[in-house]
Structure formats: structure tokens, C-alpha cells
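Q: Got a file for you: coords.cif, mmCIF, C-alpha atoms.
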data_model
loop_
_atom_site.group_PDB
_atom_site.id
_atom_site.type_symbol
_atom_site.label_atom_id
_atom_site.label_comp_id
_atom_site.auth_asym_id
_atom_site.auth_seq_id
_atom_site.Cartn_x
_atom_site.Cartn_y
_atom_site.Cartn_z
ATOM 1 C CA MET A 1 -10.432 2.691 -10.645
ATOM 2 C CA THR A 2 -8.449 1.633 -7.595
ATOM 3 C CA LEU A 3 -7.480 -2.012 -7.297
ATOM 4 C CA LEU A 4 -7.027 -3.006 -3.662
ATOM 5 C CA VAL A 5 -4.910 -6.033 -2.770
ATOM 6 C CA PRO A 6 -3.953 -7.626 0.579
ATOM 7 C CA SER A 7 -1.063 -5.834 2.263
ATOM 8 C CA ASP A 8 0.501 -9.224 3.036
ATOM 9 C CA LEU A 9 1.726 -9.313 -0.588
ATOM 10 C CA TYR A 10 4.397 -6.820 0.451
ATOM 11 C CA ASN A 11 5.623 -8.513 3.643
ATOM 12 C CA ARG A 12 8.939 -9.296 1.943
ATOM 13 C CA TRP A 13 9.937 -5.660 2.529
ATOM 14 C CA PHE A 14 10.068 -6.208 6.283
ATOM 15 C CA SER A 15 12.713 -8.076 8.264
ATOM 16 C CA THR A 16 9.967 -9.181 10.670
ATOM 17 C CA PRO A 17 6.814 -9.612 8.591
ATOM 18 C CA VAL A 18 3.496 -9.310 10.376
ATOM 19 C CA SER A 19 0.359 -10.606 8.729
ATOM 20 C CA THR A 20 -2.370 -7.976 8.384
ATOM 21 C CA PRO A 21 -5.005 -9.690 6.236
ATOM 22 C CA HIS A 22 -7.577 -7.046 7.179
ATOM 23 C CA ILE A 23 -5.557 -4.263 5.492
ATOM 24 C CA ASP A 24 -5.733 -3.681 1.745
ATOM 25 C CA VAL A 25 -3.431 -1.391 -0.229
ATOM 26 C CA ASP A 26 -3.587 0.297 -3.613
ATOM 27 C CA TYR A 27 -1.945 -2.038 -6.140
ATOM 28 C CA ALA A 28 -0.823 0.766 -8.490
ATOM 29 C CA VAL A 29 0.836 2.730 -5.686
ATOM 30 C CA MET A 30 2.591 -0.311 -4.241
ATOM 31 C CA THR A 31 3.764 -1.483 -7.677
ATOM 32 C CA GLU A 32 5.276 1.948 -8.364
ATOM 33 C CA LEU A 33 6.969 1.893 -4.977
ATOM 34 C CA MET A 34 8.406 -1.570 -5.715
ATOM 35 C CA LYS A 35 9.942 -0.261 -8.936
ATOM 36 C CA LYS A 36 11.719 2.519 -7.054
ATOM 37 C CA LEU A 37 13.103 0.493 -4.151
ATOM 38 C CA PRO A 38 16.520 -1.152 -4.481
ATOM 39 C CA LYS A 39 16.555 -4.881 -5.220
ATOM 40 C CA GLY A 40 16.547 -6.860 -1.971
ATOM 41 C CA TYR A 41 15.219 -3.909 0.038
ATOM 42 C CA ILE A 42 14.332 -4.793 3.642
ATOM 43 C CA PHE A 43 13.029 -2.481 6.340
ATOM 44 C CA PRO A 44 14.477 -1.941 8.831
ATOM 45 C CA ASP A 45 17.911 -2.398 7.358
ATOM 46 C CA PRO A 46 19.573 -5.464 8.991
ATOM 47 C CA ALA A 47 22.890 -3.625 9.462
ATOM 48 C CA SER A 48 21.137 -0.762 11.257
ATOM 49 C CA MET A 49 19.221 -3.210 13.431
ATOM 50 C CA ALA A 50 22.469 -4.968 14.415
ATOM 51 C CA ILE A 51 23.910 -1.641 15.581
ATOM 52 C CA MET A 52 20.764 -0.734 17.489
ATOM 53 C CA ASN A 53 20.630 -4.147 19.161
ATOM 54 C CA SER A 54 24.320 -4.315 20.113
ATOM 55 C CA LYS A 55 25.103 -4.100 23.820
ATOM 56 C CA ASP A 56 28.318 -2.106 23.320
#
Could you write out this file's structure as C-alpha cells?
A:
Amino acid sequence: MTLLVPSDLYNRWFSTPVSTPHIDVDYAVMTELMKKLPKGYIFPDPASMAIMNSKD
């Protein structure tokens, strides 16, 4: 059985969260993914974004 949950539960992974209440995700898959990601994981990586946004 697949348990679907709102994708907004995982907005903490994104540096600019966007609410998508109409999208549901598989709880088991997302929980397994959470276990494998480093603590404090954010996408895109803030350091990479700073480089991409620099004017130099």
C-alpha cells in the first residue's frame, strides 16, 4: 500500500520553498530519501547559488 502525503512536508529541502498543495508524494520513498541526505541539506546549495549569482 502506498501512503501519499502532501509534498509541502518536504519544502525544508529547498532554499526557496514553493507550496504545491496539489502534489502528493510517496511517504516511504521520501522518508528513505531523508535518511540518506546529509543533515541540513538544502537544494540548491547556498554556496553554489552565491557563485552563480555573483557579478564577477
Q: Applied to the shown file, which residues does the PyMOL selection byres ((chain A and resi 3) around 7) return, written as a list in words?
A: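 Here the PyMOL selection byres ((chain A and resi 3) around 7) matches Met1, Thr2, Leu4, Val5, Asp26 and Tyr27 of chain A.
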Q: Report, as JSON, the centre and edge lengths in Å (one decimal) of the axis-aligned box enclosing every listed atom of range 41-49 of chain A, padded by 4 Å on each side.
A:
{"center_x": 18.0, "center_y": -3.1, "center_z": 6.7, "size_x": 17.9, "size_y": 12.7, "size_z": 21.4}
Q: Once you count all atoms listed in the file, which residues end up no further than 10 Å from (-2.1, -1.5, 2.3) in the file's frame, shown as a PyMOL selection string?
A: chain A and resi 4-10+20-27+29-30
Q: Quick one: residues within 8 Å of Phe43 in chain A, only C-alpha atoms, excluding same-chain residues fewer than 4 positions away - as a PDB file with C-alpha atoms, in the frame of the given file?
A:
ATOM      1  CA  TRP A  13       9.937  -5.660   2.529  1.00  0.00           C
ATOM      2  CA  PHE A  14      10.068  -6.208   6.283  1.00  0.00           C
ATOM      3  CA  SER A  15      12.713  -8.076   8.264  1.00  0.00           C
TER       4      SER A  15
END
Q: What is the CA of Asp45 in chain A-CA of Asn11 in chain A distance in Å, reported with one decimal?
A: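 Between these atoms lies a distance of 14.2 Å.
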Q: Enter the distance from CA of Gly40 in chain A to CA of Asn53 in chain A, in Å, rounded to one decimal.
A: 21.7 Å
Q: Enter the distance from CA of Pro17 in chain A to CA of Pro44 in chain A, in Å, rounded to one decimal.
A: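 If I compute the distance from CA of Pro17 in chain A to CA of Pro44 in chain A, I get 10.8 Å.
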Q: Complete range 11-40 of chain A with N, CA and C atoms (output as a short mmCIF file (atom, residue, chain, number, x, y, z; two decimals), keeping the file's coordinate frame).
A:
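Printed below is out.cif as written:
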data_model
loop_
_atom_site.label_atom_id
_atom_site.label_comp_id
_atom_site.auth_asym_id
_atom_site.auth_seq_id
_atom_site.Cartn_x
_atom_site.Cartn_y
_atom_site.Cartn_z
N ASN A 11 4.91 -8.18 2.41
CA ASN A 11 5.62 -8.51 3.64
C ASN A 11 7.11 -8.74 3.42
N ARG A 12 7.51 -9.04 2.21
CA ARG A 12 8.94 -9.30 1.94
C ARG A 12 9.80 -8.06 2.17
N TRP A 13 9.19 -6.89 2.27
CA TRP A 13 9.94 -5.66 2.53
C TRP A 13 10.37 -5.54 3.98
N PHE A 14 9.83 -6.37 4.85
CA PHE A 14 10.07 -6.21 6.28
C PHE A 14 10.88 -7.36 6.84
N SER A 15 11.86 -7.04 7.68
CA SER A 15 12.71 -8.08 8.26
C SER A 15 11.92 -8.95 9.22
N THR A 16 10.86 -8.41 9.82
CA THR A 16 9.97 -9.18 10.67
C THR A 16 8.54 -8.99 10.15
N PRO A 17 8.14 -9.79 9.17
CA PRO A 17 6.81 -9.61 8.59
C PRO A 17 5.70 -9.92 9.59
N VAL A 18 4.67 -9.11 9.53
CA VAL A 18 3.50 -9.31 10.38
C VAL A 18 2.29 -9.38 9.46
N SER A 19 1.53 -10.44 9.57
CA SER A 19 0.36 -10.61 8.73
C SER A 19 -0.73 -9.63 9.14
N THR A 20 -1.26 -8.91 8.15
CA THR A 20 -2.37 -7.98 8.38
C THR A 20 -3.41 -8.20 7.29
N PRO A 21 -4.07 -9.35 7.31
CA PRO A 21 -5.00 -9.69 6.24
C PRO A 21 -6.20 -8.75 6.14
N HIS A 22 -6.45 -7.98 7.18
CA HIS A 22 -7.58 -7.05 7.18
C HIS A 22 -7.24 -5.70 6.52
N ILE A 23 -5.97 -5.52 6.11
CA ILE A 23 -5.56 -4.26 5.49
C ILE A 23 -5.31 -4.48 4.00
N ASP A 24 -5.94 -3.65 3.19
CA ASP A 24 -5.73 -3.68 1.74
C ASP A 24 -5.00 -2.41 1.33
N VAL A 25 -4.20 -2.53 0.27
CA VAL A 25 -3.43 -1.39 -0.23
C VAL A 25 -3.69 -1.21 -1.72
N ASP A 26 -3.40 -0.04 -2.20
CA ASP A 26 -3.59 0.30 -3.61
C ASP A 26 -2.49 -0.38 -4.44
N TYR A 27 -2.89 -1.27 -5.34
CA TYR A 27 -1.94 -2.04 -6.14
C TYR A 27 -1.05 -1.13 -6.98
N ALA A 28 -1.61 -0.12 -7.62
CA ALA A 28 -0.82 0.77 -8.49
C ALA A 28 0.25 1.51 -7.70
N VAL A 29 -0.12 2.00 -6.53
CA VAL A 29 0.84 2.73 -5.69
C VAL A 29 1.96 1.80 -5.23
N MET A 30 1.58 0.63 -4.75
CA MET A 30 2.59 -0.31 -4.24
C MET A 30 3.50 -0.82 -5.36
N THR A 31 2.95 -1.04 -6.54
CA THR A 31 3.76 -1.48 -7.68
C THR A 31 4.78 -0.40 -8.05
N GLU A 32 4.36 0.84 -8.06
CA GLU A 32 5.28 1.95 -8.36
C GLU A 32 6.37 2.05 -7.31
N LEU A 33 6.00 1.87 -6.06
CA LEU A 33 6.97 1.89 -4.98
C LEU A 33 7.98 0.77 -5.15
N MET A 34 7.51 -0.43 -5.51
CA MET A 34 8.41 -1.57 -5.72
C MET A 34 9.44 -1.28 -6.79
N LYS A 35 9.03 -0.59 -7.84
CA LYS A 35 9.94 -0.26 -8.94
C LYS A 35 11.05 0.68 -8.48
N LYS A 36 10.77 1.50 -7.49
CA LYS A 36 11.72 2.52 -7.05
C LYS A 36 12.64 2.06 -5.93
N LEU A 37 12.27 0.99 -5.24
CA LEU A 37 13.10 0.49 -4.15
C LEU A 37 14.25 -0.35 -4.69
N PRO A 38 15.40 -0.33 -4.04
CA PRO A 38 16.52 -1.15 -4.48
C PRO A 38 16.18 -2.65 -4.38
N LYS A 39 16.77 -3.43 -5.26
CA LYS A 39 16.56 -4.88 -5.22
C LYS A 39 17.02 -5.42 -3.87
N GLY A 40 16.20 -6.28 -3.27
CA GLY A 40 16.55 -6.86 -1.97
C GLY A 40 16.27 -5.94 -0.80
#
